[in-house]
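These notes concern the structure reproduced below.
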Amino acid sequence: MQLYHHPYSLDSQKVRLALEEMGIDYTSFHVNPITGKNMDSSFFRMNPSAKLPVFQNGAHIIFNTVEIIQYIERIAVVSSGGGNIALSHGEVVEWMNKIQDWNPKFFTLAHIPEKYRLFVSKFKRRVVIARMAECPDLASLYHWKLRDEYETEDKLRNPEVVRRSEEHLVSLLDEVETKLSDTSYLVGEEFTMADVMLIPVLARLEILNLQDEYIYSRPKVAEYWNLVKKRPSYKMVIGRYFNGWRRHKTLLKTWCFLRIRSMLGRY
């Protein structure tokens with residue numbers, strides 16, 4: 001089994017948390033979307049959307065995050081011989097889909113300093129143009145991605161787009177706060193795949209230094225956040241890249257790569 005992912009990708013974090021929680025072995029392939037590695041022809045042919053993560057088991061390839069996690073659960077059940085592992089159902093699946101409905105793209109980009117965001121956007125457009133020249137047979141698909149990059153910048157200039165994303169997030173977190181008033185985890189007293197879906201959302205807020213406004217202003221969410229950060233899966237998937245000084249190291253490594261490649265004109 002292979003997982004194409006990256007620590008920057010919120011959906012990748014969800015899938016990796018599921019794999020760690022279920023104890024499933026897999027082969028990891030880092031595909032950095034900020035440096036445009038998801039535009040490399042070998043990956044792009046397999047996944048023209050260029051979105052992460054991608055899970056592959058033999059000839060079976062899955063792109064949808066919730067479907068990947070449910071597939072991982074089935075693997076875990078079979079591997080355990082039907083022991084104490086149960087498939088997610090009912091309220092857990094409802095929460096998984098509810099959390100997945102919030103798209104972090106515009107909210108995240110709106111909270112990144114404009115000069116950095118525009119630099120990365122320009123770099124990614126140049127990567128797409130370079131790949132287009134290298135692979136004429138994929139030119140139409142690459143052109144679609146290039147147009148998507150320009151449209152993203154146009155949408156970010158519309159305050160209504162960012163407002164809707166923020167309102168969706170606030171509504172979700174308020175609902176989570178109410179739910180956690182009665183339970184330790186999102187669906188009861190046991191950790192479930194619903195929690196796997198929620199943890200990266202909270203981690204994204206902390207990475208953006210928005211934890212005071214969105215997490216710690218909600219006492220139950222704050223208590224929950226401090227609880228789940230102690231889990232080994234969190235430390236492996238998110239903490240090792242973004243806790244404390246590690247966040248600066250992770251981001252600086254990517255930023256240096258982008259600056260050097262831009263100076264050399266190598267895309």
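To be explicit about the labels: the chains of the structure tokens are called A, B, and onward in the order shown, and within each one the residues are counted from 1, while ligands get numbers from 1 in the order they are shown.
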
Next on the checklist: Residues within 8 Å of Lys14 of chain A, please, as a PyMOL selection string. Count only C-alpha atoms; anything in the same chain fewer than 3 positions from it doesn't count.
Outcome noted: chain A and resi 10-11+17-18+65+196-197+199-200

Export of the given selection (N, CA and C atoms) as a PDB file, in the first residue's frame:
ATOM      1  N   LEU A  10      -3.910  19.130   4.788  1.00  0.00           N
ATOM      2  CA  LEU A  10      -4.803  18.814   5.895  1.00  0.00           C
ATOM      3  C   LEU A  10      -5.458  17.450   5.694  1.00  0.00           C
ATOM      4  N   ASP A  11      -5.892  17.142   4.477  1.00  0.00           N
ATOM      5  CA  ASP A  11      -6.497  15.836   4.211  1.00  0.00           C
ATOM      6  C   ASP A  11      -5.484  14.706   4.339  1.00  0.00           C
ATOM      7  N   LEU A  17      -3.300   9.990  10.189  1.00  0.00           N
ATOM      8  CA  LEU A  17      -3.763   9.732  11.558  1.00  0.00           C
ATOM      9  C   LEU A  17      -4.535   8.416  11.613  1.00  0.00           C
ATOM     10  N   ALA A  18      -5.384   8.182  10.618  1.00  0.00           N
ATOM     11  CA  ALA A  18      -6.147   6.926  10.570  1.00  0.00           C
ATOM     12  C   ALA A  18      -5.213   5.723  10.458  1.00  0.00           C
ATOM     13  N   THR A  65     -10.946  11.514   0.620  1.00  0.00           N
ATOM     14  CA  THR A  65     -10.384  11.333   1.963  1.00  0.00           C
ATOM     15  C   THR A  65     -11.235  10.424   2.836  1.00  0.00           C
ATOM     16  N   VAL A 196     -10.291  11.728  14.178  1.00  0.00           N
ATOM     17  CA  VAL A 196      -9.222  11.757  13.177  1.00  0.00           C
ATOM     18  C   VAL A 196      -9.461  12.883  12.174  1.00  0.00           C
ATOM     19  N   MET A 197     -10.722  13.104  11.840  1.00  0.00           N
ATOM     20  CA  MET A 197     -11.066  14.162  10.884  1.00  0.00           C
ATOM     21  C   MET A 197     -10.936  15.548  11.498  1.00  0.00           C
ATOM     22  N   ILE A 199      -8.997  16.589  14.278  1.00  0.00           N
ATOM     23  CA  ILE A 199      -7.681  16.993  14.795  1.00  0.00           C
ATOM     24  C   ILE A 199      -6.913  17.876  13.806  1.00  0.00           C
ATOM     25  N   PRO A 200      -6.811  17.515  12.516  1.00  0.00           N
ATOM     26  CA  PRO A 200      -6.065  18.376  11.591  1.00  0.00           C
ATOM     27  C   PRO A 200      -6.675  19.767  11.414  1.00  0.00           C
TER      28      PRO A 200
END

Checklist entry - Residues at most 7 Å from segment 128-138 of chain A, counting only C-alpha atoms, excluding those fewer than 6 positions away in the same chain, as a list in words? => result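 Using only C-alpha atoms, the neighbours found are Met39, Asp40, Leu146 and Tyr267 of chain A.
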
Item to check | segment 7-248 of chain A: residues DSSP assigns to strand (DSSP E), reported as a VMD selection string | outcome: chain A and resid 27 to 30 54 to 57 60 to 62

Please dump the current selection as a CSV table (one decimal), in the first residue's frame; keep all heavy atoms.
chain,number,residue,atom,x,y,z
A,27,THR,N,3.7,2.4,2.5
A,27,THR,CA,4.9,3.1,1.9
A,27,THR,C,4.5,4.5,1.7
A,27,THR,O,3.5,4.8,1.1
A,27,THR,CB,5.3,2.4,0.6
A,27,THR,OG1,5.6,1.1,0.8
A,27,THR,CG2,6.5,3.1,0.0
A,28,SER,N,5.3,5.4,2.2
A,28,SER,CA,5.1,6.9,2.2
A,28,SER,C,5.8,7.6,1.1
A,28,SER,O,7.0,7.4,0.9
A,28,SER,CB,5.5,7.5,3.6
A,28,SER,OG,5.4,8.9,3.5
A,29,PHE,N,5.1,8.4,0.3
A,29,PHE,CA,5.7,9.2,-0.7
A,29,PHE,C,5.3,10.6,-0.4
A,29,PHE,O,4.1,11.0,-0.5
A,29,PHE,CB,5.2,8.8,-2.1
A,29,PHE,CG,5.6,7.4,-2.5
A,29,PHE,CD1,4.8,6.3,-2.4
A,29,PHE,CD2,6.9,7.2,-3.1
A,29,PHE,CE1,5.2,5.1,-2.7
A,29,PHE,CE2,7.3,6.0,-3.5
A,29,PHE,CZ,6.5,4.9,-3.3
A,30,HIS,N,6.3,11.5,-0.1
A,30,HIS,CA,6.0,12.9,0.1
A,30,HIS,C,5.9,13.6,-1.2
A,30,HIS,O,6.8,13.5,-2.1
A,30,HIS,CB,7.2,13.5,0.9
A,30,HIS,CG,7.0,13.4,2.4
A,30,HIS,ND1,7.6,14.3,3.3
A,30,HIS,CD2,6.3,12.5,3.1
A,30,HIS,CE1,7.2,13.9,4.5
A,30,HIS,NE2,6.5,12.8,4.5
A,54,VAL,N,-3.4,10.6,-2.0
A,54,VAL,CA,-3.8,9.5,-2.9
A,54,VAL,C,-3.4,8.2,-2.3
A,54,VAL,O,-2.2,8.1,-1.8
A,54,VAL,CB,-3.2,9.7,-4.3
A,54,VAL,CG1,-3.6,8.5,-5.2
A,54,VAL,CG2,-3.7,11.0,-5.0
A,55,PHE,N,-4.3,7.3,-2.2
A,55,PHE,CA,-4.0,6.0,-1.6
A,55,PHE,C,-4.1,4.9,-2.6
A,55,PHE,O,-5.1,4.8,-3.4
A,55,PHE,CB,-5.0,5.7,-0.4
A,55,PHE,CG,-4.7,4.5,0.4
A,55,PHE,CD1,-3.8,4.5,1.4
A,55,PHE,CD2,-5.4,3.3,0.1
A,55,PHE,CE1,-3.6,3.4,2.2
A,55,PHE,CE2,-5.1,2.2,0.8
A,55,PHE,CZ,-4.2,2.2,1.9
A,56,GLN,N,-3.1,4.1,-2.7
A,56,GLN,CA,-3.0,3.1,-3.7
A,56,GLN,C,-2.7,1.7,-3.1
A,56,GLN,O,-1.8,1.6,-2.3
A,56,GLN,CB,-1.9,3.4,-4.8
A,56,GLN,CG,-1.9,2.4,-5.9
A,56,GLN,CD,-0.9,2.8,-7.0
A,56,GLN,OE1,-0.1,3.7,-6.8
A,56,GLN,NE2,-1.0,2.1,-8.1
A,57,ASN,N,-3.6,0.8,-3.4
A,57,ASN,CA,-3.3,-0.6,-3.0
A,57,ASN,C,-3.5,-1.5,-4.2
A,57,ASN,O,-4.6,-1.8,-4.6
A,57,ASN,CB,-4.4,-1.0,-1.9
A,57,ASN,CG,-4.1,-2.4,-1.3
A,57,ASN,OD1,-3.0,-2.9,-1.5
A,57,ASN,ND2,-5.0,-2.9,-0.5
A,60,HIS,N,-5.9,-0.7,-7.1
A,60,HIS,CA,-7.0,0.1,-6.5
A,60,HIS,C,-6.5,1.5,-6.0
A,60,HIS,O,-5.6,1.5,-5.1
A,60,HIS,CB,-7.6,-0.6,-5.3
A,60,HIS,CG,-8.9,-0.1,-4.8
A,60,HIS,ND1,-10.0,0.2,-5.7
A,60,HIS,CD2,-9.4,0.2,-3.6
A,60,HIS,CE1,-11.0,0.6,-5.0
A,60,HIS,NE2,-10.7,0.6,-3.7
A,61,ILE,N,-7.0,2.6,-6.6
A,61,ILE,CA,-6.5,3.9,-6.2
A,61,ILE,C,-7.7,4.7,-5.7
A,61,ILE,O,-8.8,4.7,-6.4
A,61,ILE,CB,-5.9,4.6,-7.5
A,61,ILE,CG1,-4.7,3.8,-8.0
A,61,ILE,CG2,-5.4,6.0,-7.1
A,61,ILE,CD1,-4.1,4.3,-9.3
A,62,ILE,N,-7.6,5.4,-4.6
A,62,ILE,CA,-8.7,6.2,-4.0
A,62,ILE,C,-8.2,7.6,-3.8
A,62,ILE,O,-7.1,7.8,-3.3
A,62,ILE,CB,-9.1,5.6,-2.6
A,62,ILE,CG1,-9.3,4.1,-2.7
A,62,ILE,CG2,-10.4,6.2,-2.2
A,62,ILE,CD1,-9.6,3.4,-1.4

Within 12 Å of Asn226 of chain A, counting only C-alpha atoms, which residues show up once you throw out same-chain ones fewer than 2 positions away? Write them as a PDB file with N, CA, C and O atoms, in the first residue's frame, please.
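Heads up, here's the output in part09.pdb:
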ATOM      1  N   SER A 184     -16.146  13.043  26.093  1.00  0.00           N
ATOM      2  CA  SER A 184     -14.712  13.357  26.056  1.00  0.00           C
ATOM      3  C   SER A 184     -14.213  13.499  24.628  1.00  0.00           C
ATOM      4  O   SER A 184     -13.339  14.317  24.341  1.00  0.00           O
ATOM      5  N   TYR A 185     -14.767  12.658  23.744  1.00  0.00           N
ATOM      6  CA  TYR A 185     -14.392  12.715  22.332  1.00  0.00           C
ATOM      7  C   TYR A 185     -15.634  13.097  21.524  1.00  0.00           C
ATOM      8  O   TYR A 185     -16.728  13.264  22.071  1.00  0.00           O
ATOM      9  N   ILE A 199      -8.997  16.589  14.278  1.00  0.00           N
ATOM     10  CA  ILE A 199      -7.681  16.993  14.795  1.00  0.00           C
ATOM     11  C   ILE A 199      -6.913  17.876  13.806  1.00  0.00           C
ATOM     12  O   ILE A 199      -6.388  18.931  14.187  1.00  0.00           O
ATOM     13  N   LEU A 202      -8.091  21.545  13.822  1.00  0.00           N
ATOM     14  CA  LEU A 202      -7.597  22.313  14.967  1.00  0.00           C
ATOM     15  C   LEU A 202      -6.106  22.600  14.829  1.00  0.00           C
ATOM     16  O   LEU A 202      -5.638  23.682  15.181  1.00  0.00           O
ATOM     17  N   ALA A 203      -5.370  21.629  14.294  1.00  0.00           N
ATOM     18  CA  ALA A 203      -3.931  21.827  14.085  1.00  0.00           C
ATOM     19  C   ALA A 203      -3.684  22.957  13.083  1.00  0.00           C
ATOM     20  O   ALA A 203      -2.754  23.755  13.253  1.00  0.00           O
ATOM     21  N   GLU A 206      -3.918  26.238  14.787  1.00  0.00           N
ATOM     22  CA  GLU A 206      -2.749  26.527  15.614  1.00  0.00           C
ATOM     23  C   GLU A 206      -1.547  26.901  14.753  1.00  0.00           C
ATOM     24  O   GLU A 206      -0.776  27.802  15.106  1.00  0.00           O
ATOM     25  N   GLN A 211      -5.246  29.991  17.284  1.00  0.00           N
ATOM     26  CA  GLN A 211      -5.799  29.124  18.323  1.00  0.00           C
ATOM     27  C   GLN A 211      -6.564  29.888  19.396  1.00  0.00           C
ATOM     28  O   GLN A 211      -7.569  29.390  19.912  1.00  0.00           O
ATOM     29  N   ILE A 215      -9.936  28.241  19.084  1.00  0.00           N
ATOM     30  CA  ILE A 215      -9.881  27.054  19.951  1.00  0.00           C
ATOM     31  C   ILE A 215     -10.077  27.424  21.414  1.00  0.00           C
ATOM     32  O   ILE A 215     -11.023  26.969  22.061  1.00  0.00           O
ATOM     33  N   TYR A 216      -9.213  28.277  21.952  1.00  0.00           N
ATOM     34  CA  TYR A 216      -9.227  28.553  23.388  1.00  0.00           C
ATOM     35  C   TYR A 216     -10.375  29.455  23.811  1.00  0.00           C
ATOM     36  O   TYR A 216     -10.628  29.622  25.008  1.00  0.00           O
ATOM     37  N   PRO A 219     -14.113  26.568  25.651  1.00  0.00           N
ATOM     38  CA  PRO A 219     -13.488  25.773  26.726  1.00  0.00           C
ATOM     39  C   PRO A 219     -13.450  24.274  26.460  1.00  0.00           C
ATOM     40  O   PRO A 219     -12.423  23.627  26.724  1.00  0.00           O
ATOM     41  N   LYS A 220     -14.528  23.719  25.935  1.00  0.00           N
ATOM     42  CA  LYS A 220     -14.569  22.267  25.706  1.00  0.00           C
ATOM     43  C   LYS A 220     -13.672  21.861  24.536  1.00  0.00           C
ATOM     44  O   LYS A 220     -13.019  20.822  24.572  1.00  0.00           O
ATOM     45  N   VAL A 221     -13.645  22.686  23.511  1.00  0.00           N
ATOM     46  CA  VAL A 221     -12.746  22.416  22.374  1.00  0.00           C
ATOM     47  C   VAL A 221     -11.295  22.514  22.830  1.00  0.00           C
ATOM     48  O   VAL A 221     -10.447  21.693  22.453  1.00  0.00           O
ATOM     49  N   ALA A 222     -10.987  23.504  23.683  1.00  0.00           N
ATOM     50  CA  ALA A 222      -9.627  23.672  24.202  1.00  0.00           C
ATOM     51  C   ALA A 222      -9.208  22.459  25.030  1.00  0.00           C
ATOM     52  O   ALA A 222      -8.078  21.956  24.903  1.00  0.00           O
ATOM     53  N   GLU A 223     -10.113  21.998  25.872  1.00  0.00           N
ATOM     54  CA  GLU A 223      -9.823  20.816  26.700  1.00  0.00           C
ATOM     55  C   GLU A 223      -9.594  19.584  25.832  1.00  0.00           C
ATOM     56  O   GLU A 223      -8.670  18.795  26.064  1.00  0.00           O
ATOM     57  N   TYR A 224     -10.430  19.441  24.819  1.00  0.00           N
ATOM     58  CA  TYR A 224     -10.305  18.330  23.866  1.00  0.00           C
ATOM     59  C   TYR A 224      -8.978  18.411  23.109  1.00  0.00           C
ATOM     60  O   TYR A 224      -8.280  17.406  22.942  1.00  0.00           O
ATOM     61  N   VAL A 228      -6.136  15.425  22.838  1.00  0.00           N
ATOM     62  CA  VAL A 228      -5.772  14.654  21.645  1.00  0.00           C
ATOM     63  C   VAL A 228      -4.322  14.889  21.231  1.00  0.00           C
ATOM     64  O   VAL A 228      -3.717  14.040  20.558  1.00  0.00           O
ATOM     65  N   LYS A 229      -3.745  16.020  21.631  1.00  0.00           N
ATOM     66  CA  LYS A 229      -2.332  16.268  21.289  1.00  0.00           C
ATOM     67  C   LYS A 229      -1.380  15.326  22.020  1.00  0.00           C
ATOM     68  O   LYS A 229      -0.207  15.239  21.669  1.00  0.00           O
ATOM     69  N   LYS A 230      -1.880  14.619  23.003  1.00  0.00           N
ATOM     70  CA  LYS A 230      -1.050  13.665  23.741  1.00  0.00           C
ATOM     71  C   LYS A 230      -0.984  12.299  23.051  1.00  0.00           C
ATOM     72  O   LYS A 230      -0.172  11.459  23.424  1.00  0.00           O
ATOM     73  N   ARG A 231      -1.818  12.093  22.059  1.00  0.00           N
ATOM     74  CA  ARG A 231      -1.867  10.788  21.391  1.00  0.00           C
ATOM     75  C   ARG A 231      -0.613  10.587  20.541  1.00  0.00           C
ATOM     76  O   ARG A 231      -0.143  11.508  19.861  1.00  0.00           O
ATOM     77  N   TYR A 234      -0.891  11.762  16.896  1.00  0.00           N
ATOM     78  CA  TYR A 234      -0.741  13.197  16.673  1.00  0.00           C
ATOM     79  C   TYR A 234       0.744  13.575  16.636  1.00  0.00           C
ATOM     80  O   TYR A 234       1.183  14.329  15.765  1.00  0.00           O
TER      81      TYR A 234
END

Item to check | DSSP helix (DSSP H, G or I) residues within segment 18-265 of chain A, listed as a PyMOL selection string | outcome: chain A and resi 18-22+37-39+41-46+65-79+91-100+105-110+114-134+136-156+159-179+193-207+211-214+219-228+232-242+245-264

Next on the checklist: So, with only C-alpha atoms as the atoms that count, which of A:His111, A:Arg74, A:Arg218, A:Arg246 lies closest to Val176 of chain A?
Outcome noted: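 Under the stated criterion, the closest residue is A:Arg218.
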
Checklist entry - So how many Å separate atom CA of Val162 of chain A and atom CA of Leu205 of chain A, to one decimal? => result 15.0 Å

Which segment 10-96 of chain A residues have any atom within 12 Å of an atom of segment 147-161 of chain A, and for each, what is the nearest pair of atoms with distance in Å to one decimal, counting only C-alpha atoms, rows sorted by chain and number, as a Markdown table?
| residue | atom | partner | partner_atom | distance |
| --- | --- | --- | --- | --- |
| A:Gly36 | CA | A:Glu149 | CA | 11.8 |
| A:Ser49 | CA | A:Asp148 | CA | 10.4 |
| A:Ala50 | CA | A:Asp148 | CA | 11.4 |

Checklist entry - Neighbours of Leu172 of chain A within 12 Å (only C-alpha atoms; same-chain residues fewer than 2 positions away dropped), as a list in words? => result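 The residues that qualify are Trp95, Met96, Asn97, Lys98, Ile99, Gln100, Asp101, Trp102, Asn103, Ser165, Glu166, Glu167, His168, Leu169, Val170, Asp174, Glu175, Val176, Glu177, Thr178, Lys179, Leu198, Val201, Leu202, Tyr214, Ile215 and Val221 of chain A.
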
Restricting it to C-alpha atoms, dump the selection as an mmCIF file, in the first residue's frame.
data_model
loop_
_atom_site.group_PDB
_atom_site.id
_atom_site.type_symbol
_atom_site.label_atom_id
_atom_site.label_comp_id
_atom_site.auth_asym_id
_atom_site.auth_seq_id
_atom_site.Cartn_x
_atom_site.Cartn_y
_atom_site.Cartn_z
ATOM 1 C CA TRP A 95 -19.361 13.772 11.694
ATOM 2 C CA MET A 96 -16.685 12.628 9.260
ATOM 3 C CA ASN A 97 -18.649 14.016 6.331
ATOM 4 C CA LYS A 98 -19.653 17.163 8.223
ATOM 5 C CA ILE A 99 -16.022 18.013 8.992
ATOM 6 C CA GLN A 100 -14.920 17.149 5.460
ATOM 7 C CA ASP A 101 -17.525 19.554 4.059
ATOM 8 C CA TRP A 102 -15.445 22.481 5.322
ATOM 9 C CA ASN A 103 -12.849 23.362 2.707
ATOM 10 C CA SER A 165 -15.471 29.901 4.693
ATOM 11 C CA GLU A 166 -14.968 31.474 8.112
ATOM 12 C CA GLU A 167 -18.676 31.311 8.937
ATOM 13 C CA HIS A 168 -18.731 27.631 7.995
ATOM 14 C CA LEU A 169 -15.756 26.988 10.295
ATOM 15 C CA VAL A 170 -17.271 28.913 13.201
ATOM 16 C CA ASP A 174 -19.679 25.825 17.800
ATOM 17 C CA GLU A 175 -21.370 22.505 17.098
ATOM 18 C CA VAL A 176 -18.256 20.653 18.255
ATOM 19 C CA GLU A 177 -18.213 22.719 21.465
ATOM 20 C CA THR A 178 -21.812 21.749 22.200
ATOM 21 C CA LYS A 179 -21.115 18.066 21.483
ATOM 22 C CA LEU A 198 -11.250 16.973 13.441
ATOM 23 C CA VAL A 201 -8.631 21.205 11.484
ATOM 24 C CA LEU A 202 -7.597 22.313 14.967
ATOM 25 C CA TYR A 214 -11.012 29.720 17.451
ATOM 26 C CA ILE A 215 -9.881 27.054 19.951
ATOM 27 C CA VAL A 221 -12.746 22.416 22.374
#

Checklist entry - Which residue, A:Val187, A:Leu258, A:Arg164, A:Leu52, has the smallest gap to Ser121 of chain A when you use only C-alpha atoms? => result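 Of the candidates, the smallest distance to Ser121 of chain A is held by A:Leu258.
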
Next on the checklist: Can you measure atom CA of Arg240 of chain A to atom CA of Asn64 of chain A for me? One decimal in Å is fine.
Outcome noted: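 Those two atoms sit 25.2 Å apart.
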
Checklist entry - Expressed in Å to a single decimal, how great is the separation between atom CA of His6 of chain A and atom CA of Val78 of chain A? => result 27.2 Å
